[in-house]
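Participant: Here you go, this is protein09.txt (compact mmCIF, C-alpha atoms).
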```txt
# COMPACT_ATOMS: atom_id res chain seq x y z
CA MET U 154 154.66 213.99 45.32
CA PRO U 155 154.09 217.37 46.94
CA ILE U 156 156.58 220.20 46.44
CA THR U 157 157.88 221.35 49.82
CA ARG U 158 157.56 225.15 49.83
CA GLY U 159 160.88 226.86 50.35
CA PHE U 160 163.01 223.72 50.24
CA ARG U 161 165.89 223.95 47.80
CA GLY U 162 168.21 221.22 49.01
CA ARG U 163 171.92 221.09 48.59
CA ARG U 164 173.05 218.83 45.79
CA ALA U 165 176.26 217.10 46.68
CA GLU U 166 179.14 217.25 44.24
CA VAL U 167 179.35 213.53 43.67
CA ASP U 168 178.69 211.23 40.77
CA PRO U 169 174.95 210.55 41.11
CA SER U 170 175.38 207.08 39.61
CA ARG U 171 177.19 206.10 42.81
CA VAL U 172 174.47 207.24 45.22
CA PRO U 173 171.43 204.95 45.61
CA PRO U 174 167.96 206.52 45.82
CA GLY U 175 167.24 208.38 49.06
CA GLN U 176 170.88 208.34 50.20
CA TYR U 177 173.25 211.25 50.84
CA VAL U 178 177.02 211.19 50.93
CA VAL U 179 178.93 211.78 54.16
CA ARG U 180 182.64 212.23 54.76
CA ASP U 181 182.81 210.96 58.33
CA PHE U 182 181.78 207.49 59.46
CA PRO U 183 178.56 207.47 61.52
CA VAL U 184 177.85 204.68 64.00
CA LEU U 185 174.64 202.74 64.46
CA SER U 186 174.26 199.89 66.92
CA ALA U 187 171.45 198.70 69.12
CA GLY U 188 173.38 198.19 72.35
CA PRO U 189 176.72 198.64 74.09
CA THR U 190 179.88 197.99 72.09
CA PRO U 191 181.21 194.50 72.96
CA HIS U 192 184.89 194.13 73.79
CA THR U 193 185.84 190.49 73.29
CA PRO U 194 189.55 189.91 74.05
CA LEU U 195 191.42 188.68 70.98
CA ASP U 196 192.67 185.57 72.79
CA GLU U 197 189.04 184.58 73.37
CA TRP U 198 187.95 185.48 69.85
CA SER U 199 187.17 182.88 67.23
CA PHE U 200 185.30 182.73 63.95
CA THR U 201 183.12 179.72 63.19
CA ILE U 202 181.27 178.35 60.18
CA SER U 203 178.56 176.00 61.39
CA GLY U 204 175.00 174.84 60.81
CA ALA U 205 174.10 172.83 57.72
CA VAL U 206 177.71 171.92 56.95
CA ASP U 207 179.47 168.56 56.85
CA GLU U 208 181.76 169.70 59.64
CA PRO U 209 181.95 172.99 61.54
CA VAL U 210 185.21 174.86 61.10
CA SER U 211 186.67 177.68 63.16
CA TRP U 212 189.65 179.98 63.28
CA THR U 213 191.38 181.81 66.10
CA TRP U 214 192.30 185.47 65.63
CA GLU U 215 195.86 184.50 64.73
CA GLU U 216 194.63 181.90 62.26
CA LEU U 217 192.29 184.39 60.60
CA LEU U 218 195.09 186.90 60.16
CA ALA U 219 197.26 184.17 58.62
CA LEU U 220 194.76 183.63 55.80
CA PRO U 221 195.20 185.49 52.50
CA THR U 222 194.22 189.12 52.97
CA GLU U 223 192.47 191.18 50.31
CA THR U 224 192.29 194.94 50.00
CA ILE U 225 188.81 196.19 49.21
CA THR U 226 187.75 199.71 48.20
CA VAL U 227 183.98 200.05 48.09
CA ASP U 228 181.06 202.42 48.59
CA ILE U 229 178.88 201.62 51.61
CA HIS U 230 175.22 202.50 52.15
CA CYS U 231 173.46 202.63 55.54
CA VAL U 232 169.69 202.24 55.73
CA THR U 233 169.66 205.40 57.89
CA LYS U 234 170.44 207.16 54.57
CA TRP U 235 174.13 207.97 54.66
CA SER U 236 176.48 206.61 52.04
CA LYS U 237 180.24 206.75 52.23
CA LEU U 238 182.25 206.45 49.04
CA ASP U 239 185.63 204.80 48.50
CA THR U 240 185.98 203.19 51.91
CA SER U 241 189.14 201.12 52.20
CA TRP U 242 189.25 197.80 54.03
CA LYS U 243 191.43 194.76 54.43
CA GLY U 244 190.05 191.36 55.27
CA VAL U 245 189.59 187.74 54.38
CA SER U 246 187.23 186.79 51.57
CA VAL U 247 184.29 184.65 52.65
CA ASP U 248 185.18 182.50 49.62
CA THR U 249 188.47 181.67 51.35
CA LEU U 250 186.65 180.67 54.55
CA LEU U 251 184.09 178.55 52.68
CA ASP U 252 186.74 176.78 50.62
CA GLY U 253 186.32 173.08 51.31
CA VAL U 254 183.09 173.51 53.29
CA GLU U 255 180.31 171.26 52.02
CA THR U 256 176.81 172.60 52.65
CA GLU U 257 173.22 171.93 51.69
CA GLY U 258 172.18 175.37 52.96
CA ASP U 259 171.20 178.23 50.71
CA TYR U 260 170.98 180.81 53.51
CA VAL U 261 173.29 182.23 56.14
CA THR U 262 172.73 183.75 59.54
CA ALA U 263 175.71 185.88 60.43
CA TRP U 264 175.95 186.13 64.22
CA ALA U 265 177.94 188.51 66.31
CA ASP U 266 178.88 189.52 69.82
CA GLY U 267 176.12 191.59 71.37
CA ASP U 268 173.43 189.06 70.36
CA TYR U 269 173.21 190.48 66.84
CA THR U 270 172.19 188.41 63.85
CA THR U 271 171.48 189.16 60.20
CA ASN U 272 170.40 186.84 57.40
CA LEU U 273 171.57 186.66 53.80
CA PRO U 274 171.34 184.28 50.88
CA LEU U 275 174.57 182.31 50.66
CA GLU U 276 175.09 183.46 47.08
CA ASP U 277 175.40 187.06 48.32
CA LEU U 278 178.44 186.08 50.39
CA THR U 279 180.36 184.27 47.64
CA ASP U 280 182.13 185.07 44.37
CA GLY U 281 184.11 187.95 45.83
CA ARG U 282 181.14 189.82 47.25
CA ALA U 283 181.81 189.53 51.01
CA TRP U 284 184.70 189.64 53.47
CA ILE U 285 185.53 189.37 57.14
CA ALA U 286 187.16 192.78 57.48
CA HIS U 287 189.64 193.55 60.24
CA THR U 288 191.32 196.69 58.94
CA TYR U 289 189.78 200.03 57.98
CA ALA U 290 191.80 202.82 56.34
CA ASP U 291 194.99 200.93 57.17
CA GLU U 292 194.21 200.85 60.91
CA PRO U 293 192.80 198.02 63.04
CA LEU U 294 189.00 198.27 62.84
CA GLU U 295 187.80 200.27 65.86
CA PRO U 296 185.34 198.60 68.25
CA GLU U 297 182.56 201.13 67.59
CA HIS U 298 182.77 200.30 63.87
CA GLY U 299 182.67 196.57 64.52
CA GLY U 300 186.25 195.67 65.47
CA PRO U 301 188.02 193.42 65.87
CA ALA U 302 186.26 192.14 62.75
CA ARG U 303 183.01 192.72 60.92
CA LEU U 304 181.29 191.20 57.95
CA LEU U 305 181.59 193.41 54.86
CA VAL U 306 178.85 192.96 52.24
CA PRO U 307 178.92 196.32 50.51
CA HIS U 308 176.28 195.59 47.86
CA LEU U 309 173.57 195.40 50.56
CA TYR U 310 172.52 197.98 53.17
CA PHE U 311 175.19 198.12 55.82
CA TRP U 312 173.21 196.48 58.64
CA LYS U 313 173.89 193.24 56.75
CA SER U 314 177.61 193.86 57.34
CA ALA U 315 177.38 192.57 60.91
CA LYS U 316 179.72 194.31 63.37
CA TRP U 317 181.66 192.13 65.85
CA VAL U 318 180.92 189.12 63.67
CA ARG U 319 181.87 185.76 65.16
CA GLY U 320 180.40 183.26 62.78
CA LEU U 321 178.28 182.21 59.85
CA GLU U 322 175.57 179.63 60.40
CA LEU U 323 174.45 177.94 57.19
CA THR U 324 170.71 177.24 57.18
CA LEU U 325 168.30 175.38 54.92
CA GLU U 326 165.56 177.97 55.50
CA ASP U 327 165.83 181.74 55.48
CA GLN U 328 165.61 183.00 59.10
CA PRO U 329 165.06 186.74 59.71
CA GLY U 330 167.79 188.36 61.81
CA PHE U 331 167.69 191.18 64.36
CA TRP U 332 166.63 194.12 62.18
CA GLU U 333 164.89 191.90 59.62
CA ALA U 334 162.51 190.74 62.38
CA ALA U 335 162.04 194.36 63.51
CA GLY U 336 160.48 195.65 60.32
CA TYR U 337 163.48 196.12 58.05
CA HIS U 338 163.70 194.52 54.62
CA ASN U 339 164.70 190.89 54.43
CA TYR U 340 167.18 191.41 51.58
CA GLY U 341 168.14 195.11 51.66
CA ASP U 342 169.27 196.12 48.17
CA PRO U 343 170.07 199.86 48.37
CA TRP U 344 169.63 200.33 44.61
CA LYS U 345 166.03 199.11 44.93
CA GLU U 346 165.65 201.13 48.15
CA GLN U 347 164.62 198.01 50.09
CA ARG U 348 164.69 199.65 53.52
CA TYR U 349 161.60 198.25 55.22
CA TRP U 350 159.71 195.00 54.97
CA SER U 351 157.01 196.39 52.69
CA ASP U 352 159.45 198.04 50.22
CA MET G 93 152.95 195.04 66.71
CA PRO G 94 150.61 195.65 63.79
CA ARG G 95 152.37 195.49 60.48
CA ALA G 96 150.96 198.32 58.44
CA PRO G 97 152.88 198.84 55.18
CA ILE G 98 155.49 201.56 55.58
CA ARG G 99 154.39 203.93 52.86
CA TRP G 100 154.87 207.61 52.11
CA ARG G 101 152.11 209.92 53.32
CA THR G 102 151.76 213.62 52.61
CA VAL G 103 151.51 215.50 55.90
CA THR G 104 150.62 219.07 56.72
CA VAL G 105 152.37 221.11 59.37
CA SER G 106 149.74 222.22 61.86
CA GLU G 107 151.96 223.99 64.38
CA VAL G 108 155.59 224.96 64.93
CA VAL G 109 156.93 225.40 68.47
CA GLU G 110 160.30 226.98 69.25
CA GLU G 111 162.08 224.75 71.76
CA THR G 112 165.53 226.35 71.85
CA PRO G 113 167.40 228.76 69.57
CA GLN G 114 168.53 225.69 67.62
CA ALA G 115 165.49 223.43 67.71
CA ARG G 116 161.79 223.38 66.93
CA THR G 117 158.95 220.98 67.39
CA ILE G 118 156.84 220.44 64.30
CA VAL G 119 153.32 219.15 64.89
CA LEU G 120 151.93 217.25 61.92
CA ASP G 121 148.52 216.43 60.61
CA VAL G 122 148.99 212.89 59.30
CA PRO G 123 146.22 211.19 57.38
CA GLU G 124 145.57 207.66 58.63
CA TRP G 125 148.57 207.45 60.95
CA PRO G 126 148.86 203.75 61.88
CA GLY G 127 150.11 204.57 65.39
CA HIS G 128 153.56 204.17 66.89
CA GLU G 129 155.47 203.10 69.97
CA ALA G 130 157.50 205.50 72.08
CA GLY G 131 161.07 205.58 70.79
CA GLN G 132 160.32 204.99 67.11
CA HIS G 133 161.22 207.36 64.30
CA VAL G 134 159.94 208.42 60.91
CA ASP G 135 161.59 209.08 57.59
CA VAL G 136 161.02 212.56 56.22
CA ARG G 137 161.22 213.33 52.49
CA LEU G 138 161.37 216.86 51.14
CA THR G 139 160.95 217.67 47.46
CA ALA G 140 162.33 220.81 45.84
CA GLU G 141 160.55 222.53 42.94
CA ASP G 142 162.80 220.84 40.38
CA GLY G 143 161.97 217.41 41.80
CA TYR G 144 165.19 217.00 43.80
CA GLN G 145 164.48 215.03 46.98
CA ALA G 146 166.24 214.58 50.30
CA GLN G 147 165.41 212.06 53.04
CA ARG G 148 166.36 211.97 56.71
CA SER G 149 165.15 210.11 59.82
CA TYR G 150 163.80 211.90 62.89
CA SER G 151 162.64 210.57 66.24
CA ILE G 152 159.01 210.95 67.19
CA ALA G 153 158.60 213.24 70.20
CA SER G 154 154.90 212.68 70.87
CA ALA G 155 153.43 209.82 72.86
CA PRO G 156 151.40 207.16 71.07
CA GLU G 157 148.42 208.53 73.00
CA ASP G 158 148.85 212.13 71.80
CA PRO G 159 146.30 213.32 69.23
CA GLU G 160 148.93 214.58 66.78
CA LEU G 161 152.37 213.45 65.69
CA ALA G 162 155.24 215.71 66.76
CA LEU G 163 158.89 215.75 65.71
CA THR G 164 161.57 217.86 67.37
CA ILE G 165 164.40 218.80 65.05
CA GLU G 166 167.70 220.41 65.91
CA ARG G 167 169.43 222.52 63.30
CA LEU G 168 172.78 221.13 62.20
CA GLU G 169 174.92 223.91 60.79
CA ASP G 170 176.11 221.92 57.79
CA GLY G 171 172.85 220.02 57.43
CA GLU G 172 170.61 219.89 54.39
CA VAL G 173 167.19 218.99 55.79
CA SER G 174 167.38 220.14 59.42
CA PRO G 175 167.97 223.85 58.61
CA TYR G 176 164.74 223.75 56.62
CA LEU G 177 162.70 221.91 59.25
CA ALA G 178 164.17 223.81 62.18
CA GLY G 179 164.09 227.20 60.47
CA GLU G 180 161.99 227.65 57.34
CA VAL G 181 158.98 225.41 57.73
CA ARG G 182 155.67 226.94 58.88
CA ALA G 183 152.09 225.90 59.50
CA GLY G 184 150.37 224.79 56.31
CA ASP G 185 153.50 223.48 54.62
CA GLU G 186 153.44 219.97 53.21
CA PHE G 187 156.03 217.25 52.94
CA GLU G 188 156.12 213.46 53.13
CA ILE G 189 156.82 211.07 55.96
CA ARG G 190 156.73 207.32 56.34
CA GLY G 191 156.85 205.13 59.36
CA PRO G 192 156.85 204.45 62.17
CA VAL G 193 160.21 202.72 61.91
CA GLY G 194 162.32 200.93 64.50
CA GLY G 195 161.33 198.09 66.77
CA HIS G 196 164.22 197.91 69.21
CA PHE G 197 164.62 201.32 70.81
CA THR G 198 161.05 201.34 72.08
CA TRP G 199 159.35 201.25 75.44
CA ARG G 200 155.79 200.43 76.44
CA VAL G 201 154.46 200.68 79.96
CA ARG G 202 154.00 196.91 80.01
CA ASP G 203 157.76 196.50 79.44
CA GLY G 204 158.16 197.71 83.03
CA GLY G 205 161.24 199.19 84.64
CA PRO G 206 162.85 200.66 86.54
CA LEU G 207 163.34 202.94 83.56
CA LEU G 208 166.71 204.62 83.19
CA LEU G 209 166.73 207.24 80.43
CA ILE G 210 170.00 208.92 79.55
CA ALA G 211 170.06 211.63 76.90
CA GLY G 212 172.75 213.75 75.32
CA GLY G 213 171.35 216.94 73.79
CA SER G 214 168.63 216.25 71.22
CA GLY G 215 168.87 212.56 72.15
CA LEU G 216 166.14 213.52 74.59
CA VAL G 217 163.49 213.39 71.85
CA PRO G 218 162.69 209.64 71.75
CA LEU G 219 163.09 209.43 75.53
CA MET G 220 160.55 212.24 75.90
CA ALA G 221 158.09 210.15 73.90
CA MET G 222 158.60 207.40 76.51
CA LEU G 223 158.04 209.81 79.43
CA ARG G 224 154.95 211.22 77.72
CA HIS G 225 153.65 207.70 77.12
CA ARG G 226 154.24 206.85 80.80
CA ALA G 227 152.43 210.01 81.90
CA ALA G 228 149.54 209.48 79.47
CA LEU G 229 148.83 206.07 80.94
CA GLY G 230 149.30 207.27 84.52
CA SER G 231 151.99 204.63 84.98
CA ASP G 232 153.87 204.40 88.25
CA VAL G 233 156.87 202.58 86.73
CA GLU G 234 159.92 204.01 88.48
CA ALA G 235 161.68 206.40 86.07
CA HIS G 236 165.00 208.21 86.11
CA LEU G 237 166.18 210.74 83.54
CA LEU G 238 169.77 211.91 83.22
CA LEU G 239 170.04 214.70 80.68
CA SER G 240 173.31 216.17 79.44
CA ALA G 241 173.11 219.53 77.69
CA ARG G 242 175.50 222.36 76.95
CA SER G 243 173.44 224.91 78.88
CA LEU G 244 169.99 225.25 80.40
CA GLU G 245 168.88 227.18 77.29
CA ASP G 246 169.70 224.10 75.20
CA VAL G 247 167.28 221.84 77.14
CA PHE G 248 164.15 220.90 75.18
CA TYR G 249 160.73 220.69 76.90
CA ARG G 250 162.04 222.38 80.06
CA GLU G 251 158.71 223.33 81.58
CA GLU G 252 157.07 220.04 80.70
CA LEU G 253 159.95 218.10 82.24
CA ALA G 254 159.65 220.16 85.43
CA GLY G 255 155.96 219.25 85.63
CA LEU G 256 156.36 215.49 85.18
CA GLN G 257 155.25 213.52 88.20
CA HIS G 258 157.47 211.02 89.95
CA VAL G 259 160.40 211.11 87.59
CA ALA G 260 163.83 211.44 89.20
CA MET G 261 165.46 214.22 87.14
CA HIS G 262 169.18 214.78 86.91
CA TYR G 263 170.76 217.42 84.72
CA THR G 264 174.36 217.96 83.81
CA LEU G 265 175.29 221.18 82.02
CA THR G 266 178.62 220.79 80.30
CA ARG G 267 179.34 224.27 78.96
CA SER G 268 177.61 226.97 80.98
CA ARG G 269 175.49 227.01 84.08
CA PRO G 270 173.17 229.54 85.68
CA GLU G 271 174.22 231.13 88.93
CA GLY G 272 173.55 228.90 91.91
CA TRP G 273 173.38 225.74 89.77
CA THR G 274 173.23 222.65 91.97
CA GLY G 275 173.14 219.96 89.27
CA TYR G 276 176.10 218.29 87.64
CA ASP G 277 178.57 220.32 85.62
CA ARG G 278 180.61 217.73 83.73
CA ARG G 279 180.36 215.10 81.04
CA VAL G 280 178.57 211.93 82.10
CA ASP G 281 181.00 209.53 83.75
CA VAL G 282 180.82 206.25 85.66
CA GLU G 283 180.62 208.02 89.02
CA MET G 284 177.62 210.04 87.86
CA LEU G 285 175.91 206.95 86.47
CA ALA G 286 176.39 205.20 89.81
CA GLU G 287 174.84 208.15 91.65
CA VAL G 288 171.77 208.73 89.50
CA GLY G 289 170.64 205.33 88.35
CA PRO G 290 169.12 202.32 90.04
CA PRO G 291 171.93 199.84 90.79
CA PRO G 292 172.43 196.76 88.60
CA SER G 293 170.78 194.69 91.34
CA GLU G 294 167.48 196.37 90.41
CA ASP G 295 168.03 195.45 86.74
CA PRO G 296 166.88 198.74 85.24
CA LEU G 297 165.88 198.99 81.59
CA ALA G 298 168.20 201.61 80.12
CA PHE G 299 167.69 203.71 76.99
CA VAL G 300 170.64 205.83 75.93
CA CYS G 301 170.39 208.31 73.05
CA GLY G 302 172.72 211.01 71.86
CA PRO G 303 175.82 211.65 69.77
CA THR G 304 178.01 208.61 69.11
CA ALA G 305 180.78 209.51 71.57
CA PHE G 306 178.23 210.21 74.32
CA VAL G 307 176.42 206.92 73.80
CA GLU G 308 179.68 204.95 73.68
CA GLN G 309 180.80 206.52 76.95
CA VAL G 310 177.49 206.00 78.74
CA ALA G 311 176.90 202.44 77.52
CA ASP G 312 180.47 201.44 78.38
CA GLY G 313 179.99 203.04 81.81
CA LEU G 314 176.77 201.13 82.46
CA VAL G 315 178.45 197.85 81.48
CA ALA G 316 181.41 198.68 83.74
CA LEU G 317 179.00 199.20 86.64
CA GLY G 318 177.62 195.73 86.09
CA HIS G 319 174.45 196.41 84.14
CA ALA G 320 173.50 193.61 81.74
CA ALA G 321 174.28 194.52 78.13
CA GLU G 322 170.91 193.17 76.96
CA ARG G 323 169.12 195.68 79.22
CA ILE G 324 170.91 198.63 77.58
CA HIS G 325 169.28 199.96 74.44
CA THR G 326 171.16 202.54 72.45
CA GLU G 327 170.52 204.92 69.62
CA ARG G 328 173.41 206.94 68.26
CA PHE G 329 173.56 209.80 65.84
CA GLY G 330 176.72 211.06 64.27
CA PRO G 331 177.77 214.67 63.70
CA THR G 332 176.46 214.36 60.19
CA GLY G 333 172.88 213.71 59.39
CA GLY G 334 170.16 216.12 58.87
```
Represent the structure of the file as structure tokens.
Facilitator:
Amino acid sequence: MPITRGFRGRRAEVDPSRVPPGQYVVRDFPVLSAGPTPHTPLDEWSFTISGAVDEPVSWTWEELLALPTETITVDIHCVTKWSKLDTSWKGVSVDTLLDGVETEGDYVTAWADGDYTTNLPLEDLTDGRAWIAHTYADEPLEPEHGGPARLLVPHLYFWKSAKWVRGLELTLEDQPGFWEAAGYHNYGDPWKEQRYWSD
Amino acid sequence: MPRAPIRWRTVTVSEVVEETPQARTIVLDVPEWPGHEAGQHVDVRLTAEDGYQAQRSYSIASAPEDPELALTIERLEDGEVSPYLAGEVRAGDEFEIRGPVGGHFTWRVRDGGPLLLIAGGSGLVPLMAMLRHRAALGSDVEAHLLLSARSLEDVFYREELAGLQHVAMHYTLTRSRPEGWTGYDRRVDVEMLAEVGPPPSEDPLAFVCGPTAFVEQVADGLVALGHAAERIHTERFGPTGG
């Protein structure tokens, strides 16, 4: 790798073991979305688990809020290179939503308002690794950050944490989502720096 | 789109052009550049003498048809990479890039129009690549540009924009204006969007790029006017970054 003449850089005062390769730590909360921010009224909102399941199941907004809520404090990593440490969320564990759902599928397409999709292996959404988050820093999640609710899968690059999420479709085959079909990595592990398809 | 592996390449700065007091265009000699589409970006990686590295993403300013790759970088006061690229770098310097990256915020002449480009500040960069692409191919796709900047001195590519053929140009200067200014003098709002752009009945293809709050306001405004959400492409950048 070539040395860049005159570049010194500015090492952040953070624990390097918490910052994946190529990332830098921010204090604010940048926004990245491909289109306008959707504004679905809460009385028209629902969350659905469908696809390769014995029976689709869905929840209204009120029903989602009535489910057991967990508090999650995690570091998040965006493929555009910012990381934000110790973000605080409240939401419903995907384990809670999948409880009682019988499926043959090993993959999930998370779909969202604004025609957004992202794909993940089912095992990345279970065992306490993923939530439907509706609260950020003790406030209702703002629309530009994915409110009323977004998927939260902090161990993968943050595009997998679909904003404005409305459902999980279980699939037998892995189907690339919006960014995955546009050249980004299919899995997106920040610690392996899996940003683009060829990484 | 050809799928060339996205790998790091060492590039050499061939030219540096001052655009504004805060921004410069860096022209790069890139070995075996696989080509790009207007609107895409690259990742830049700088390496300090002790091996420390920093990466950021920057939009490509040049058209796919241009002989060399150009990036325009605005200096962010608390930035780490942009003060170097917008201040220190000079012809002959080397660093790494990889790309092109991004397959959504792109426009090709065959995508048609009418084209509605709306930029806040340095959000003009990827939209300029689209206008340059349109000009390079001699396209007559109807094109409108609404550019919001703090002052005329903050506008990138001013002379080139003035020379573009058959592009409806609209400027709004939000902080200071030259004497006799006849353009807009306020933040972009729904009324302005209704005045400058083709109406929703013409189904324009909109590209909006700028700071987060700007993009939110403009995209919400376009939706409120009745434009279809799937025709509105956005790219936001936060106050942090480079």
Participant: Report as a PyMOL selection string all protein, DNA and RNA residues lying within 9 Å of Asp246 of chain G, evaluated on all atoms listed in the file, omitting residues in the same chain fewer than 4 positions from it.
Facilitator: chain G and resi 111-115+213-214+241-242
Participant: Under the rule that all atoms listed in the file are counted, which of U:Glu197, U:Asp248, U:Glu292, U:Asp268 is the nearest residue to chain G?
Facilitator: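 Among the listed residues, the smallest separation from chain G belongs to U:Asp268.
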Participant: With 8 Å as the cut-off and only C-alpha atoms counted, what is the closest atom pair between each nearby residue of chain U and chain G? Distances in Å to one decimal, ordered by chain and number, as JSON lines.
Facilitator:
```
{"residue": "U:Met154", "atom": "CA", "partner": "G:Thr139", "partner_atom": "CA", "distance": 7.6}
{"residue": "U:Pro155", "atom": "CA", "partner": "G:Phe187", "partner_atom": "CA", "distance": 6.3}
{"residue": "U:Ile156", "atom": "CA", "partner": "G:Thr139", "partner_atom": "CA", "distance": 5.2}
{"residue": "U:Thr157", "atom": "CA", "partner": "G:Thr139", "partner_atom": "CA", "distance": 5.3}
{"residue": "U:Arg158", "atom": "CA", "partner": "G:Asp185", "partner_atom": "CA", "distance": 6.5}
{"residue": "U:Gly159", "atom": "CA", "partner": "G:Glu180", "partner_atom": "CA", "distance": 7.1}
{"residue": "U:Phe160", "atom": "CA", "partner": "G:Ala140", "partner_atom": "CA", "distance": 5.3}
{"residue": "U:Arg161", "atom": "CA", "partner": "G:Ala140", "partner_atom": "CA", "distance": 5.1}
{"residue": "U:Gly162", "atom": "CA", "partner": "G:Glu172", "partner_atom": "CA", "distance": 6.0}
{"residue": "U:Arg163", "atom": "CA", "partner": "G:Glu172", "partner_atom": "CA", "distance": 6.1}
{"residue": "U:Gly175", "atom": "CA", "partner": "G:Gln147", "partner_atom": "CA", "distance": 5.7}
{"residue": "U:Gln176", "atom": "CA", "partner": "G:Gln147", "partner_atom": "CA", "distance": 7.2}
{"residue": "U:Tyr177", "atom": "CA", "partner": "G:Ala146", "partner_atom": "CA", "distance": 7.8}
{"residue": "U:Val179", "atom": "CA", "partner": "G:Thr332", "partner_atom": "CA", "distance": 7.0}
{"residue": "U:Asp181", "atom": "CA", "partner": "G:Thr332", "partner_atom": "CA", "distance": 7.4}
{"residue": "U:Phe182", "atom": "CA", "partner": "G:Gly330", "partner_atom": "CA", "distance": 7.8}
{"residue": "U:Pro183", "atom": "CA", "partner": "G:Gly330", "partner_atom": "CA", "distance": 4.9}
{"residue": "U:Val184", "atom": "CA", "partner": "G:Thr304", "partner_atom": "CA", "distance": 6.4}
{"residue": "U:Leu185", "atom": "CA", "partner": "G:Arg328", "partner_atom": "CA", "distance": 5.8}
{"residue": "U:Ser186", "atom": "CA", "partner": "G:Glu327", "partner_atom": "CA", "distance": 6.8}
{"residue": "U:Ala187", "atom": "CA", "partner": "G:Thr326", "partner_atom": "CA", "distance": 5.1}
{"residue": "U:Gly188", "atom": "CA", "partner": "G:Thr326", "partner_atom": "CA", "distance": 4.9}
{"residue": "U:Pro189", "atom": "CA", "partner": "G:Ala311", "partner_atom": "CA", "distance": 5.1}
{"residue": "U:Thr190", "atom": "CA", "partner": "G:Glu308", "partner_atom": "CA", "distance": 7.1}
{"residue": "U:Thr233", "atom": "CA", "partner": "G:Ser149", "partner_atom": "CA", "distance": 6.8}
{"residue": "U:Lys234", "atom": "CA", "partner": "G:Arg148", "partner_atom": "CA", "distance": 6.7}
{"residue": "U:Trp235", "atom": "CA", "partner": "G:Gly333", "partner_atom": "CA", "distance": 7.5}
{"residue": "U:Gly267", "atom": "CA", "partner": "G:Ala321", "partner_atom": "CA", "distance": 7.6}
{"residue": "U:Glu297", "atom": "CA", "partner": "G:Glu308", "partner_atom": "CA", "distance": 7.7}
{"residue": "U:Ala335", "atom": "CA", "partner": "G:Gly195", "partner_atom": "CA", "distance": 5.0}
{"residue": "U:Gly336", "atom": "CA", "partner": "G:Gly195", "partner_atom": "CA", "distance": 6.9}
{"residue": "U:Tyr349", "atom": "CA", "partner": "G:Ile98", "partner_atom": "CA", "distance": 7.0}
{"residue": "U:Trp350", "atom": "CA", "partner": "G:Ile98", "partner_atom": "CA", "distance": 7.8}
{"residue": "U:Ser351", "atom": "CA", "partner": "G:Pro97", "partner_atom": "CA", "distance": 5.4}
{"residue": "U:Asp352", "atom": "CA", "partner": "G:Ile98", "partner_atom": "CA", "distance": 7.5}
```
Participant: Applying 6 Å and only C-alpha atoms, which residues near Ser106 of chain G remain after dropping the ones on its own chain fewer than 6 positions away? List them as a list of chain:residue names.
Facilitator: G:Val119, G:Leu120, G:Ala183
Participant: Give me the residues near segment 249-251 of chain U as a PyMOL selection string, where near means some atom within 12 Å (using only C-alpha atoms) and where sequence neighbours in that chain fewer than 6 positions away do not count.
Facilitator: chain U and resi 200-203+206-212+216-223+261+275-276+278-285+320-323
Participant: How far is it from atom CA of Gly275 of chain G to atom CA of Leu237 of chain G, in Å with one decimal?
Facilitator: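 One can read the atom CA of Gly275 of chain G to atom CA of Leu237 of chain G distance as 12.9 Å.
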Participant: Point out the residue among U:Gly330, U:Pro274, U:Pro169, U:Pro307 with the least atom-to-atom distance to Asp239 of chain U, counting all atoms listed in the file.
Facilitator: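 The shortest atom-to-atom distance to Asp239 of chain U comes from U:Pro307.
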Participant: Give me the residues near Leu325 of chain U as a PyMOL selection string, where near means some atom within 7 Å (using only C-alpha atoms) and where sequence neighbours in that chain fewer than 4 positions away do not count.
Facilitator: chain U and resi 205+257-260
Participant: Take segment 268-274 of chain G, model N, CA and C atoms, and hand the result over as a CSV table (one decimal), in the coordinates of the input.
Facilitator:
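The resulting result.csv:
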```csv
chain,number,residue,atom,x,y,z
G,268,SER,N,177.9,225.8,80.1
G,268,SER,CA,177.6,227.0,81.0
G,268,SER,C,176.4,226.7,81.9
G,269,ARG,N,176.5,227.3,83.1
G,269,ARG,CA,175.5,227.0,84.1
G,269,ARG,C,175.0,228.3,84.7
G,270,PRO,N,173.7,228.3,85.0
G,270,PRO,CA,173.2,229.5,85.7
G,270,PRO,C,173.8,229.7,87.1
G,271,GLU,N,173.7,230.9,87.6
G,271,GLU,CA,174.2,231.1,88.9
G,271,GLU,C,173.5,230.3,89.9
G,272,GLY,N,174.2,229.7,90.9
G,272,GLY,CA,173.6,228.9,91.9
G,272,GLY,C,173.2,227.5,91.5
G,273,TRP,N,173.7,227.1,90.3
G,273,TRP,CA,173.4,225.7,89.8
G,273,TRP,C,173.8,224.6,90.7
G,274,THR,N,172.9,223.7,91.0
G,274,THR,CA,173.2,222.6,92.0
G,274,THR,C,173.3,221.3,91.3
```
